[in-house]
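One file, query-v8.cif, carrying mmCIF, C-alpha atoms and all ligand atoms:
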data_entry
#
loop_
_atom_site.label_atom_id
_atom_site.label_comp_id
_atom_site.auth_asym_id
_atom_site.auth_seq_id
_atom_site.Cartn_x
_atom_site.Cartn_y
_atom_site.Cartn_z
CA MET V 1 49.05 -4.90 72.46
CA SER V 2 51.76 -7.50 72.75
CA ASP V 3 54.14 -7.41 75.71
CA SER V 4 56.81 -9.23 73.76
CA LEU V 5 56.51 -6.66 70.94
CA LYS V 6 56.74 -3.91 73.49
CA ALA V 7 59.93 -5.48 74.86
CA GLN V 8 61.33 -5.80 71.36
CA SER V 9 60.46 -2.17 70.65
CA ALA V 10 62.26 -1.16 73.82
CA VAL V 11 65.38 -2.98 72.62
CA LEU V 12 65.04 -1.24 69.24
CA LEU V 13 64.80 2.09 71.06
CA ASP V 14 68.09 1.35 72.84
CA LEU V 15 69.66 0.31 69.56
CA LYS V 16 68.46 3.52 67.92
CA ARG V 17 70.10 5.60 70.64
CA LEU V 18 73.34 3.62 70.40
CA ASP V 19 73.37 3.95 66.63
CA GLU V 20 72.85 7.69 66.91
CA GLN V 21 75.74 7.96 69.33
CA SER V 22 77.93 5.80 67.12
CA GLN V 23 76.93 7.93 64.14
CA ARG V 24 78.12 11.07 65.94
CA PHE V 25 81.48 9.40 66.64
CA LYS V 26 81.75 8.36 63.00
CA VAL V 27 80.93 11.86 61.73
CA GLY V 28 83.63 13.22 64.03
CA LEU V 29 86.05 10.59 62.81
CA ARG V 30 85.33 11.40 59.16
CA GLN V 31 85.92 15.12 59.77
CA LEU V 32 89.27 14.61 61.51
CA PRO V 33 91.47 13.86 58.47
CA ASP V 34 90.36 17.19 56.93
CA ASP V 35 91.12 19.02 60.16
CA ILE V 36 94.54 17.38 60.34
CA ALA V 37 95.25 18.21 56.68
CA GLN V 38 94.36 21.84 57.40
CA VAL V 39 96.82 21.99 60.28
CA GLU V 40 99.50 20.38 58.10
CA ALA V 41 98.88 22.96 55.36
CA LYS V 42 99.32 25.74 57.92
CA GLN V 43 102.53 24.09 59.13
CA LYS V 44 103.86 24.01 55.58
CA GLU V 45 102.93 27.65 54.98
CA LEU V 46 104.70 28.64 58.19
CA GLU V 47 107.87 26.75 57.19
CA ASP V 48 107.76 28.18 53.66
CA ASN V 49 107.44 31.75 54.93
CA PHE V 50 110.28 31.23 57.35
CA ALA V 51 112.49 29.66 54.66
CA ALA V 52 111.70 32.58 52.34
CA ALA V 53 112.74 35.10 55.02
CA ARG V 54 115.99 33.22 55.58
CA ALA V 55 116.66 33.10 51.85
CA ALA V 56 116.03 36.86 51.64
CA VAL V 57 118.66 37.50 54.34
CA ALA V 58 121.15 35.21 52.56
CA GLU V 59 120.48 37.02 49.28
CA ALA V 60 120.94 40.45 50.89
CA GLU V 61 124.22 39.26 52.47
CA LYS V 62 125.43 38.01 49.11
CA LYS V 63 124.62 41.31 47.37
CA LEU V 64 126.36 43.28 50.09
CA ARG V 65 129.51 41.12 49.87
CA GLN V 66 129.58 41.66 46.10
CA ALA V 67 129.19 45.44 46.49
CA GLU V 68 131.96 45.52 49.10
CA GLN V 69 134.23 43.59 46.73
CA ASP V 70 133.42 45.99 43.87
CA LEU V 71 134.21 48.92 46.10
CA LYS V 72 137.50 47.35 47.17
CA SER V 73 138.48 46.74 43.52
CA LYS V 74 137.65 50.33 42.65
CA GLU V 75 139.82 51.57 45.53
CA ASP V 76 142.71 49.33 44.40
CA GLU V 77 142.30 50.63 40.88
CA MET V 78 142.45 54.24 42.11
CA PHE V 79 145.51 53.51 44.22
CA LYS V 80 147.32 52.06 41.22
CA ALA V 81 146.21 54.96 38.99
CA GLU V 82 147.59 57.47 41.48
CA GLY V 83 150.92 55.67 41.34
CA LYS V 84 150.96 56.03 37.57
CA MET V 85 150.30 59.79 37.82
CA MET V 86 153.98 60.11 38.70
CA ASP V 87 154.93 58.74 35.26
CA VAL V 88 152.93 61.22 33.14
CA LYS V 89 155.16 63.29 30.92
CA THR V 90 152.96 65.72 29.03
CA ASN V 91 150.19 68.10 30.02
CA GLU V 92 147.77 66.18 27.80
CA GLU V 93 148.60 62.94 29.52
CA TYR V 94 148.15 64.64 32.86
CA ALA V 95 144.76 66.08 31.89
CA ALA V 96 143.61 62.66 30.64
CA ALA V 97 144.77 60.99 33.82
CA MET V 98 142.93 63.59 35.91
CA ARG V 99 139.70 62.98 33.94
CA GLU V 100 140.03 59.24 34.50
CA ASN V 101 140.59 59.90 38.14
CA GLU V 102 137.42 61.99 38.36
CA ASN V 103 135.46 59.20 36.67
CA ARG V 104 136.82 56.66 39.12
CA LYS V 105 135.92 58.90 42.05
CA ALA V 106 132.38 59.24 40.79
CA ALA V 107 132.12 55.45 40.29
CA LYS V 108 133.51 54.89 43.77
CA GLY V 109 130.92 57.30 45.22
CA LEU V 110 128.12 55.35 43.55
CA LEU V 111 129.51 52.07 44.86
CA GLU V 112 129.68 53.54 48.37
CA GLU V 113 126.04 54.62 48.15
CA LYS V 114 125.06 51.22 46.87
CA THR V 115 126.94 49.49 49.69
CA LEU V 116 125.23 51.66 52.31
CA ALA V 117 121.78 50.98 50.80
CA LEU V 118 122.52 47.24 50.80
CA MET V 119 123.59 47.44 54.45
CA ASP V 120 120.26 49.07 55.31
CA ASP V 121 118.43 46.45 53.32
CA LEU V 122 120.27 43.61 55.04
CA GLU V 123 119.51 45.12 58.45
CA GLU V 124 115.83 45.33 57.54
CA GLN V 125 115.74 41.71 56.35
CA ARG V 126 117.50 40.56 59.50
CA GLN V 127 114.99 42.35 61.71
CA LEU V 128 112.14 40.83 59.74
CA LEU V 129 113.65 37.38 60.16
CA ALA V 130 114.17 37.94 63.88
CA SER V 131 110.54 38.89 64.42
CA LEU V 132 109.40 36.00 62.25
CA GLU V 133 111.67 33.67 64.19
CA LYS V 134 109.82 34.41 67.43
CA GLU V 135 106.45 33.96 65.77
CA HIS V 136 107.73 30.82 64.06
CA VAL V 137 108.69 29.18 67.34
CA THR V 138 105.36 29.85 69.07
CA GLU V 139 103.22 29.11 66.02
CA LYS V 140 105.12 25.91 65.31
CA ALA V 141 104.54 24.71 68.86
CA ARG V 142 100.87 25.69 68.68
CA LEU V 143 100.31 23.81 65.42
CA GLN V 144 102.16 20.77 66.72
CA ALA V 145 99.95 20.73 69.81
CA GLU V 146 96.85 21.16 67.65
CA LYS V 147 97.81 18.23 65.45
CA LYS V 148 98.66 16.08 68.45
CA HIS V 149 95.27 16.88 69.95
CA LEU V 150 93.48 15.94 66.71
CA LEU V 151 95.37 12.65 66.47
CA GLU V 152 94.52 11.85 70.08
CA GLN V 153 90.90 12.74 69.42
CA SER V 154 90.94 10.43 66.44
CA ALA V 155 92.28 7.55 68.55
CA VAL V 156 89.65 8.19 71.23
CA LEU V 157 86.86 8.28 68.66
CA LYS V 158 88.03 5.00 67.14
CA VAL V 159 87.86 3.40 70.58
CA ASP V 160 84.43 4.99 71.11
CA VAL V 161 83.12 3.59 67.85
CA ASP V 162 84.43 0.11 68.70
CA ALA V 163 83.02 0.26 72.22
CA SER V 164 79.71 1.55 70.93
CA ASN V 165 79.55 -1.24 68.34
CA ALA V 166 80.30 -3.87 70.99
CA ILE V 167 77.53 -2.55 73.23
CA ARG V 168 75.18 -2.41 70.26
CA ASP V 169 75.90 -6.03 69.39
CA GLY V 170 75.02 -6.97 72.94
CA PHE V 171 71.68 -5.18 72.65
CA ALA V 172 70.97 -6.59 69.20
CA ALA V 173 71.37 -10.10 70.60
CA LYS V 174 68.25 -9.47 72.69
CA LEU V 175 66.11 -9.16 69.55
CA ASP V 176 64.21 -12.09 68.09
CA PRO V 177 66.47 -13.76 65.52
CA LYS V 178 64.32 -12.62 62.59
CA LEU V 179 64.17 -9.03 63.81
CA GLN V 180 67.87 -9.11 64.58
CA ALA V 181 68.63 -10.23 61.03
CA LEU V 182 66.37 -7.49 59.66
CA TYR V 183 68.04 -4.85 61.83
CA ARG V 184 71.49 -5.88 60.60
CA LYS V 185 70.37 -5.99 56.98
CA VAL V 186 68.73 -2.56 57.07
CA THR V 187 71.77 -1.09 58.84
CA ILE V 188 74.02 -2.33 56.06
CA ASP V 189 71.58 -1.53 53.24
CA ILE V 190 70.91 2.08 54.15
CA ASP V 191 74.34 2.66 55.77
CA SER V 192 72.67 4.77 58.40
CA ILE V 193 70.51 4.42 61.49
CA ALA V 194 68.17 1.51 60.82
CA ILE V 195 65.42 2.50 63.25
CA ALA V 196 63.05 5.46 63.02
CA TYR V 197 60.18 6.80 65.10
CA ALA V 198 56.68 6.78 63.74
CA THR V 199 54.90 9.97 64.79
CA ALA V 200 51.85 11.85 63.60
CA GLY V 201 51.26 9.26 60.90
CA ALA V 202 54.72 9.67 59.37
CA CYS V 203 58.20 8.14 59.48
CA VAL V 204 60.60 10.51 61.22
CA GLY V 205 63.51 8.93 59.34
CA CYS V 206 62.36 10.10 55.91
CA HIS V 207 59.29 12.25 56.76
CA MET V 208 57.07 10.25 54.45
CA LYS V 209 53.45 9.54 55.41
CA LEU V 210 52.82 5.97 56.55
CA ARG V 211 49.83 3.89 55.63
CA PRO V 212 47.31 4.25 58.49
CA GLN V 213 47.39 0.52 59.21
CA ILE V 214 51.19 0.46 59.40
CA TYR V 215 51.18 3.50 61.63
CA ASN V 216 48.44 2.25 63.95
CA GLU V 217 49.97 -1.19 64.33
CA THR V 218 53.34 0.33 65.08
CA VAL V 219 52.23 2.77 67.76
CA GLY V 220 49.79 0.18 69.17
CA TYR V 221 52.58 -2.44 69.51
CA VAL V 222 50.58 -4.78 67.32
CA ALA V 223 53.37 -5.43 64.82
CA ILE V 224 56.83 -4.22 63.92
CA HIS V 225 56.94 -2.73 60.43
CA GLN V 226 59.43 -1.14 58.09
CA CYS V 227 58.84 2.27 56.51
CA GLY V 228 57.65 1.69 52.97
CA SER V 229 59.89 4.39 51.58
CA CYS V 230 63.18 4.45 53.58
CA ARG V 231 62.98 0.81 54.81
CA ARG V 232 63.79 1.79 58.40
CA ILE V 233 62.30 -0.29 61.21
CA LEU V 234 59.56 1.74 62.84
CA ILE V 235 59.02 2.14 66.57
CA PRO V 236 56.76 4.44 68.59
CA PRO V 237 58.61 7.45 70.02
CA PRO V 238 59.61 7.10 73.67
CA THR V 239 57.13 8.30 76.25
CA ALA V 240 57.46 8.62 80.00
CA THR V 241 56.11 5.08 80.38
CA SER V 242 58.11 3.37 77.62
CA ALA V 243 61.37 3.04 79.48
CA SER V 244 64.20 1.38 77.60
CA THR V 245 65.37 -2.09 78.66
CA GLU V 246 68.49 -0.69 80.24
CA ASN V 247 70.05 2.66 80.74
CA VAL V 248 72.05 3.12 77.56
CA ALA V 249 73.68 6.28 78.80
CA ALA V 250 74.97 4.53 81.91
CA SER V 251 76.29 1.56 79.98
CA THR V 252 78.28 3.75 77.63
CA GLN V 253 79.48 6.26 80.17
CA ALA V 254 82.91 4.62 80.25
CA ASP V 255 83.85 6.54 77.08
ZN ZN L 1 60.98 6.30 56.33
#

Show this structure as structure tokens.
Ligand SMILES: [Zn+2]
Amino acid sequence: MSDSLKAQSAVLLDLKRLDEQSQRFKVGLRQLPDDIAQVEAKQKELEDNFAAARAAVAEAEKKLRQAEQDLKSKEDEMFKAEGKMMDVKTNEEYAAAMRENENRKAAKGLLEEKTLALMDDLEEQRQLLASLEKEHVTEKARLQAEKKHLLEQSAVLKVDVDASNAIRDGFAAKLDPKLQALYRKVTIDIDSIAIAYATAGACVGCHMKLRPQIYNETVGYVAIHQCGSCRRILIPPPTATSASTENVAASTQAD
């Protein structure tokens, strides 16, 4: 057993923990744009629904105004027709004028019904808009707060990732130059955590069995090896006696 290898393994253990923490920040950071997009989609839906309700009220108002105008025209028409009744000379003309009058009355009745129905409709649309307006205000505020929170979270996570990377670089500097170079290379190559535990004859990183010699030398602190299949740098799992070089949790508590 080599003490220097044991010390190097302890540094690798710290690096593994830091990388895992950093990975969690990165996963959170990757998820955030989707979460923000979801909130933005809800915001758009809310605005669209509200705009549609307002358009429905405007449309109902327009229809009602038209119906009121039609009714007014019909009333004017009837008023004029009544004036002309005075000029009829024959019984036939009188009968014809009376028939026209009846027709106009019937048409006026229909227009009155239509106007009343449109008034009811407009009232209904206005009530709907009023209730939606209340919901719109609270929901809009809620979504704005949700988005603000997500953006803040994103900023915090970015700082966390940077801080975590800075601490990691400090730890990596404690490795032998060759091991340090290997650690950086594997980190880039596999774009994941470069260090894995070797337990029960296997690599925990990829769950593949290790050659007995590789395994025994790793857990016996005889040599530092890479997993033959996932290329991760292997270290023995932490035990009560294999304390890390420094308290990683304490050094990153600032975030
Ligand atoms: Zn592996």

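Between atom CA of Pro236 of chain V and atom CA of Ala196 of chain V there is a distance of 8.5 Å.
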
Check your understanding: What do you get as a VMD selection string if you pick all residues at most 8 Å from ligand ZN 1 (chain L), counting only C-alpha atoms and all ligand atoms?
Key -> chain V and resid 196 202 to 208 226 to 232

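Distance annotation: of V:Ala10, V:Leu234, V:Ala107, V:Ala223, the residue with the minimal separation from Ile193 of chain V is V:Leu234; atom set is all atoms listed in the file.
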
**Study point:** For Phe79 of chain V: contacts at 12 Å, only C-alpha atoms, fewer than 5 positions along chain excluded, given as an MDAnalysis selection string
**Key:** chainID V and resid 72:74 84:85 101 104:105

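The two atoms in question, atom CA of Asp70 of chain V and atom CA of Lys108 of chain V, are spaced 8.9 Å apart.
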
Got a sec: who's within 12 Å of Lys63 of chain V, counting only C-alpha atoms, leaving out chain neighbours fewer than 4 positions off, as a short mmCIF file (atom, residue, chain, number, x, y, z; two decimals) with C-alpha atoms, in the frame of the given file?
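Result went into around.cif, see below:
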data_model
loop_
_atom_site.label_atom_id
_atom_site.label_comp_id
_atom_site.auth_asym_id
_atom_site.auth_seq_id
_atom_site.Cartn_x
_atom_site.Cartn_y
_atom_site.Cartn_z
CA ALA V 56 116.03 36.86 51.64
CA VAL V 57 118.66 37.50 54.34
CA ALA V 58 121.15 35.21 52.56
CA GLU V 59 120.48 37.02 49.28
CA ALA V 67 129.19 45.44 46.49
CA GLU V 68 131.96 45.52 49.10
CA GLN V 69 134.23 43.59 46.73
CA ASP V 70 133.42 45.99 43.87
CA LYS V 114 125.06 51.22 46.87
CA THR V 115 126.94 49.49 49.69
CA LEU V 116 125.23 51.66 52.31
CA ALA V 117 121.78 50.98 50.80
CA LEU V 118 122.52 47.24 50.80
CA MET V 119 123.59 47.44 54.45
CA ASP V 120 120.26 49.07 55.31
CA ASP V 121 118.43 46.45 53.32
CA LEU V 122 120.27 43.61 55.04
#

Exercise for review: With a distance cut-off of 9 Å and all atoms listed in the file, select the neighbouring residues of Leu13 of chain V, excluding the residue or stretch itself and same-chain residues fewer than 3 positions from it, and output the selection as a PyMOL selection string.
Suggested key: chain V and resi 8-10+16-18+195-197+235-238+244-245

Check your understanding: Residues around (99.0, 22.4, 60.2), cut-off 10 Å, counting all atoms listed in the file - what are they as an MDAnalysis selection string?
Key -> chainID V and resid 35:46 139:140 142:147

**Study point:** Residue among V:Ala200, V:Leu182, V:Ile233, V:Leu175 lying closest to Val11 of chain V, counting only C-alpha atoms
**Key:** V:Leu175

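One finds atom CA of Phe50 of chain V at 28.0 Å from atom CA of Glu152 of chain V.
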
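Residue neighbourhood of Val222 of chain V, excluding near-sequence residues (fewer than 6 positions): Met1, Ser2, Leu5, Lys6 and Asn216 of chain V, at 9 Å, using all atoms listed in the file.
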